[in-house]
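J.: Please see the structure below; I have some questions.
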Amino acid sequence: MIDEKTFFSETTLRICGSLDIEKALFNCFLYVRDVIPVDELNLAVYDSALGALEIVATADRNGGLARSDKIMMPPHLRVQLESAIKYPRVRMMDDIFQDEIVRLVAQKYGWPDSSIIIGRLIVEGKFLGSLVTRAIGKGRYTEDHARLWSLVNEPVAIALTNSRRYLQLMVLNELFADDSKYFQEELRKPFGEEIVGSQFGLREVMNHVTRVASLPSPVLLVGETGTGKEVIANAIHNLSSRNNGPLIKVNCGAIPESLIDSELFGHEKGAFTGAFMQKRGRFERAHGGTIFLDEVGELPPQAQVRLLRVLQEKEIERVGGAHPVKVDIRIISATHKNLEQQVVRGLFRDDLYYRLSVFPIRIPPLRERKADIPALVEFFIRKKAKEIGLQSIPQLTPGAMDQLMAYYWPGNVREVGNVVERALILSGGSILRFDDILGPRHKLFGSEDQLTEEPLQLNEVEANHILKVLKMTGGRVEGKKGAAQLLGMHPGTLRHRMKKLKVPFGRASKISR
């Protein structure tokens with residue numbers, strides 16, 4: 001039998017030689033296999049809060065492997081595990097199925113008949129976990145082997161503690177990097193936008209905003225695409241007691257269905273292929289603040305169920321997670337759809353609709369508040385001229401404002417901004433004209449001639465406008481200078497709208513030409 005001091009020093013040197021516990025365990029295996037029978041080493045940590053034994057690393061002749069396999073313990077076994085002093089620190093077994101705890105582990109991994117020695121890792125009177133050596137077959141270990149194994153309990157416990165703390169620091173570092181990247185992207189976006197029309201066409205909307213802002217009630221913003229729902233959501237957050245907390249914005253229609261759960265609720269490391277680290281979802285990021293769910297009507301059914309749980313229980317569960325995470329958030333949602341019709345058609349949960357629409361606010365389209373158009377045009381001329389670096393503010397050509405007032409603006413406020421920006425680019429810094437942008441048929445909207453020439457159905461007007469923009473972009477929907485960019489819409493939202501309006505795109509558009 002090897003000298004005990006040598007075994008202790010050599011094993012300690014290897015188990016403490018790396019903060020990557022799977023690497024340290026493999027180095028330990030390579031030494032131990034020459035001293036005692038061993039086919040596999042297992043290292044487990046006990047989570048008292050969860051009541052589970054987590055296998056964190058294994059090592060055999062093929063190498064070390066980091067794991068995160070949680071095995072739930074029945075209540076009576078939790079008492080046994082947590083009784084640090086009552087049970088011996090080292091136990092030897094010839095039959096892995098004679099012990100309840102070991103049997104649960106053996107059944108999970110499909111172990112054959114084996115002999116094992118269990119070293120209970122105890123630090124400051126608290127059970128931390130176990131180091132297990134396993135050899136295939138019965139009667140493989142002696143009392144001398146068990147005595148050797150008892151020597152390394154303390155250094156293994158210290159090494160495991162250090163490794164876990166290192167992993168916690170790495171997780172915090174990853175979360176910090178993840179948060180930093182997210183908020184850097186948020187900082188690049190416009191913030192604190194001016195609400196043009198708050199004293200005129202949006203006066204009633206702003207009255208509602210001031211009434212509900214200080215309350216925790218969910219708010220549902222209803223309005224066509226481009227009416228400024230996000231700006232109103234910003235105002236509600238900024239006027240609330242949560243204004244020092246985050247405002248997290250989510251376009252529910254822009255996230256692929258396969259990723260929606262991970263984006264909204266986060267995921268644990270290893271939850272699916274490619275999940276190399278823990279990630280907090282948008283709801284967790286919004287803790288202490290507000291989350292804005294734009295296009296909430298686009299949420300798939302399973303995400304609707306999980307959102308309902310957030311509203312009811314004030315908690316989320318990460319993908320691959322084993323326990324809920326409490327969140328303190330205020331929810332503002334927005335939609336351009338008629339959610340009541342969606343409920344009737346079975347596309348949106350009625351219980352979720354009633355919880356989201358505690359305080360609905362309708363934002364009128366621009367055609368219903370044409371008095372705001374001059375102020376909007378002036379606002380966007382100043383804003384866009386500064387963005388593209390013009391030295392002076394161009395003036396409008398005579399009659400241009402009448403032309404803009406006569407236009408139908410199916411893209412609402414967002415379209416005003418895009419039209420003004422295009423006019424500024426085409427003007428080269430001189431007088432602004434809109435003839436080639438709006439088109440002659442839209443000059444005299446509401447006149448007798450147009451009433452006979454233009455369709456009066458909103459869907460037809462919108463479809464015609466989209467077709468005109470597609471013609472300008474050569475059929476290009478997304479990307480720089482694509483129709484979605486000119487209309488100020490997300491490409492997915494535009495395609496969805498085109499499909500509904502039966503406006504051909506892609507191959508269908510080529511066939512129809």
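Chain labels A, B, ... are given in the sequence in which chains occur in the structure tokens; within each chain residues are numbered consecutively from 1, and ligands are likewise numbered from 1 in the order shown.
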When you look at range 224-237 of chain A with a cut-off of 9 Å (counting only C-alpha atoms), what residues show up, excluding the ones that are within fewer than 4 positions of it in the same chain? I need them as a ChimeraX atom specification.
T.: /A:191-195,205-206,209-210,212-214,219,241-243,247,249,289-290,292,294,330,332-337,363-366,410-415,487-489
J.: Can you list every residue in range 335-494 of chain A that DSSP puts in strand (DSSP E), as a list in words?
T.: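 DSSP-assigned strand (DSSP E) residues in range 335-494 of chain A: Thr335, Phe359, Pro360, Ile361 and Arg362 of chain A.
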J.: Looking at A:Ala59, A:Pro37, A:Gly320, A:Ile118, which one is nearest to Lys138 in chain A, with distances taken over only C-alpha atoms?
T.: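 Under the stated criterion, the closest residue is A:Pro37.
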J.: With DSSP run on the backbone, what are the helix (DSSP H, G or I) residues within range 303-374 of chain A? I'd like them as a ChimeraX atom specification.
T.: /A:303-313,339-344,350-356,366-368,370-374
J.: Export N, CA and C atoms of the chosen residues as a compact mmCIF listing (two decimals), in the first residue's frame?
T.:
```txt
# COMPACT_ATOMS: atom_id res chain seq x y z
N ALA A 303 -46.02 31.31 -25.63
CA ALA A 303 -45.52 32.52 -25.00
C ALA A 303 -46.64 33.27 -24.30
N GLN A 304 -47.86 33.20 -24.85
CA GLN A 304 -49.02 33.82 -24.20
C GLN A 304 -49.27 33.19 -22.83
N VAL A 305 -49.12 31.87 -22.75
CA VAL A 305 -49.33 31.16 -21.48
C VAL A 305 -48.31 31.63 -20.45
N ARG A 306 -47.05 31.76 -20.87
CA ARG A 306 -46.00 32.15 -19.93
C ARG A 306 -46.14 33.62 -19.52
N LEU A 307 -46.60 34.46 -20.45
CA LEU A 307 -46.84 35.86 -20.12
C LEU A 307 -47.98 35.98 -19.10
N LEU A 308 -49.00 35.15 -19.25
CA LEU A 308 -50.11 35.16 -18.30
C LEU A 308 -49.61 34.82 -16.90
N ARG A 309 -48.66 33.89 -16.82
CA ARG A 309 -48.10 33.52 -15.51
C ARG A 309 -47.34 34.69 -14.89
N VAL A 310 -46.63 35.45 -15.73
CA VAL A 310 -45.92 36.63 -15.22
C VAL A 310 -46.91 37.60 -14.60
N LEU A 311 -48.02 37.83 -15.29
CA LEU A 311 -49.03 38.76 -14.80
C LEU A 311 -49.70 38.26 -13.53
N GLN A 312 -49.89 36.94 -13.43
CA GLN A 312 -50.60 36.37 -12.28
C GLN A 312 -49.69 36.17 -11.08
N GLU A 313 -48.50 35.60 -11.33
CA GLU A 313 -47.62 35.19 -10.23
C GLU A 313 -46.44 36.12 -10.00
N LEU A 339 -57.50 43.07 -30.94
CA LEU A 339 -57.30 41.88 -30.11
C LEU A 339 -58.62 41.22 -29.73
N GLU A 340 -59.69 41.99 -29.65
CA GLU A 340 -60.99 41.38 -29.34
C GLU A 340 -61.38 40.39 -30.43
N GLN A 341 -61.14 40.77 -31.70
CA GLN A 341 -61.41 39.85 -32.81
C GLN A 341 -60.47 38.65 -32.76
N GLN A 342 -59.20 38.91 -32.35
CA GLN A 342 -58.24 37.81 -32.23
C GLN A 342 -58.71 36.81 -31.19
N VAL A 343 -59.29 37.32 -30.11
CA VAL A 343 -59.81 36.45 -29.05
C VAL A 343 -60.97 35.60 -29.59
N VAL A 344 -61.89 36.24 -30.31
CA VAL A 344 -63.04 35.53 -30.88
C VAL A 344 -62.58 34.43 -31.84
N ASP A 350 -58.23 34.89 -24.10
CA ASP A 350 -59.11 35.90 -23.54
C ASP A 350 -58.66 36.35 -22.16
N ASP A 351 -58.16 35.39 -21.32
CA ASP A 351 -57.72 35.77 -19.97
C ASP A 351 -56.50 36.69 -20.02
N LEU A 352 -55.62 36.48 -21.01
CA LEU A 352 -54.46 37.35 -21.16
C LEU A 352 -54.88 38.73 -21.65
N TYR A 353 -55.83 38.76 -22.59
CA TYR A 353 -56.33 40.04 -23.11
C TYR A 353 -56.91 40.90 -22.00
N TYR A 354 -57.73 40.29 -21.13
CA TYR A 354 -58.37 41.07 -20.06
C TYR A 354 -57.34 41.60 -19.07
N ARG A 355 -56.26 40.87 -18.86
CA ARG A 355 -55.23 41.32 -17.92
C ARG A 355 -54.35 42.41 -18.52
N LEU A 356 -54.12 42.33 -19.84
CA LEU A 356 -53.29 43.35 -20.49
C LEU A 356 -54.04 44.65 -20.70
N LEU A 366 -52.84 59.43 -38.06
CA LEU A 366 -52.54 60.81 -38.43
C LEU A 366 -53.67 61.46 -39.24
N ARG A 367 -54.39 60.65 -40.02
CA ARG A 367 -55.46 61.21 -40.83
C ARG A 367 -56.60 61.76 -39.97
N GLU A 368 -56.66 61.34 -38.68
CA GLU A 368 -57.68 61.84 -37.77
C GLU A 368 -57.19 63.05 -36.98
N LYS A 370 -55.05 65.79 -38.49
CA LYS A 370 -54.24 66.45 -39.52
C LYS A 370 -53.69 67.79 -39.06
N ALA A 371 -54.26 68.35 -38.00
CA ALA A 371 -53.74 69.61 -37.48
C ALA A 371 -52.33 69.46 -36.95
N ASP A 372 -51.91 68.21 -36.66
CA ASP A 372 -50.56 67.97 -36.15
C ASP A 372 -49.52 67.88 -37.26
N ILE A 373 -49.96 67.77 -38.52
CA ILE A 373 -49.01 67.55 -39.62
C ILE A 373 -47.98 68.68 -39.75
N PRO A 374 -48.36 69.96 -39.72
CA PRO A 374 -47.33 71.01 -39.83
C PRO A 374 -46.26 70.93 -38.74
```
J.: Here is a test: counting only C-alpha atoms, which residue of A:Ile361, A:Val196, A:Leu121, A:Ala44 is nearest to Phe380 in chain A?
T.: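 Ranked by minimum distance to Phe380 in chain A, first place goes to A:Val196.
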J.: If we count only C-alpha atoms and set the cut-off at 12 Å, which residues sit around Arg67 in chain A, ignoring sequence neighbours fewer than 6 positions away in its own chain? Please answer as a ChimeraX atom specification.
T.: /A:20-22,42-45,53-59,269-270
J.: Output the selection as a CSV table (one decimal), in the first residue's frame - C-alpha atoms for each residue.
T.:
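What ended up in part-v8.csv:
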```
chain,number,residue,atom,x,y,z
A,20,ASP,CA,-11.9,24.0,-14.0
A,21,ILE,CA,-13.1,21.2,-11.8
A,22,GLU,CA,-13.5,18.6,-14.6
A,42,ASN,CA,-17.8,11.5,-9.6
A,43,LEU,CA,-18.1,14.9,-7.9
A,44,ALA,CA,-21.5,16.1,-6.6
A,45,VAL,CA,-22.7,19.2,-5.0
A,53,LEU,CA,-27.9,16.5,-5.6
A,54,GLU,CA,-26.1,18.0,-8.7
A,55,ILE,CA,-23.4,16.0,-10.4
A,56,VAL,CA,-21.0,18.7,-11.5
A,57,ALA,CA,-18.1,16.6,-12.9
A,58,THR,CA,-17.1,13.1,-13.9
A,59,ALA,CA,-13.7,11.6,-15.0
A,269,LYS,CA,-26.5,27.3,-19.6
A,270,GLY,CA,-26.8,24.1,-21.5
```
J.: Counting only C-alpha atoms, what is within 7 Å of Cys252 in chain A, bar same-chain residues fewer than 2 positions away, as a VMD selection string?
T.: chain A and resid 250 254 to 255 293 to 296 298 to 299
J.: CA of Leu220 in chain A and CA of Phe359 in chain A are how many Å apart?
T.: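 So the answer is 6.2 Å.
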J.: Would you mind telling me which residue in A:Gly417, A:Gly346, A:Leu148, A:Leu438 lies nearest to Ser9 in chain A when using only C-alpha atoms?
T.: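 Using only C-alpha atoms, the shortest distance to Ser9 in chain A belongs to A:Leu148.
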J.: Mind checking which residues fall within 12 Å of range 321-323 of chain A, counting only C-alpha atoms, ignoring those fewer than 5 positions away in the same chain, and posting them as JSON, numbers by chain?
T.: {"A": [47, 49, 50, 51, 52, 68, 69, 70, 71, 72, 262, 265, 266, 267, 268, 269, 270, 271, 272, 278, 279, 280, 315, 316]}
J.: Which residue gives the smallest distance to Ser427 in chain A among A:Ile381, A:Leu404, A:Val461, A:Val503, with only C-alpha atoms counted?
T.: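 Counting only C-alpha atoms, the residue closest to Ser427 in chain A is A:Ile381.
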J.: Using only C-alpha atoms, find the one residue out of A:Thr6, A:Ser430, A:Glu317, A:Gly17 that sits nearest to Asn162 in chain A.
T.: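 Looking at the shortest contact to Asn162 in chain A, the residue is A:Gly17.
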J.: List the spatial neighbours of Glu143 in chain A as a PDB file with N, CA and C atoms, in the first residue's frame - criterion: any atom at most 10 Å away, only C-alpha atoms, same-chain residues fewer than 3 positions off excluded.
T.:
```
ATOM      1  N   ARG A  91     -17.837   6.211   3.323  1.00  0.00           N
ATOM      2  CA  ARG A  91     -18.581   4.963   3.320  1.00  0.00           C
ATOM      3  C   ARG A  91     -18.150   4.110   2.137  1.00  0.00           C
ATOM      4  N   MET A  92     -18.013   2.804   2.362  1.00  0.00           N
ATOM      5  CA  MET A  92     -17.624   1.861   1.307  1.00  0.00           C
ATOM      6  C   MET A  92     -18.797   0.915   1.064  1.00  0.00           C
ATOM      7  N   ALA A 146     -10.457   2.686   1.683  1.00  0.00           N
ATOM      8  CA  ALA A 146     -11.352   3.669   2.292  1.00  0.00           C
ATOM      9  C   ALA A 146     -10.578   4.652   3.170  1.00  0.00           C
ATOM     10  N   ARG A 147      -9.555   4.140   3.899  1.00  0.00           N
ATOM     11  CA  ARG A 147      -8.759   5.022   4.755  1.00  0.00           C
ATOM     12  C   ARG A 147      -7.983   6.036   3.907  1.00  0.00           C
ATOM     13  N   LEU A 148      -7.433   5.579   2.790  1.00  0.00           N
ATOM     14  CA  LEU A 148      -6.735   6.508   1.881  1.00  0.00           C
ATOM     15  C   LEU A 148      -7.693   7.586   1.361  1.00  0.00           C
ATOM     16  N   TRP A 149      -8.892   7.151   1.004  1.00  0.00           N
ATOM     17  CA  TRP A 149      -9.874   8.087   0.425  1.00  0.00           C
ATOM     18  C   TRP A 149     -10.306   9.148   1.439  1.00  0.00           C
TER      19      TRP A 149
END
```
J.: By how many Å are CA of Val420 in chain A and CA of Lys499 in chain A apart?
T.: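 If I compute the distance from CA of Val420 in chain A to CA of Lys499 in chain A, I get 27.6 Å.
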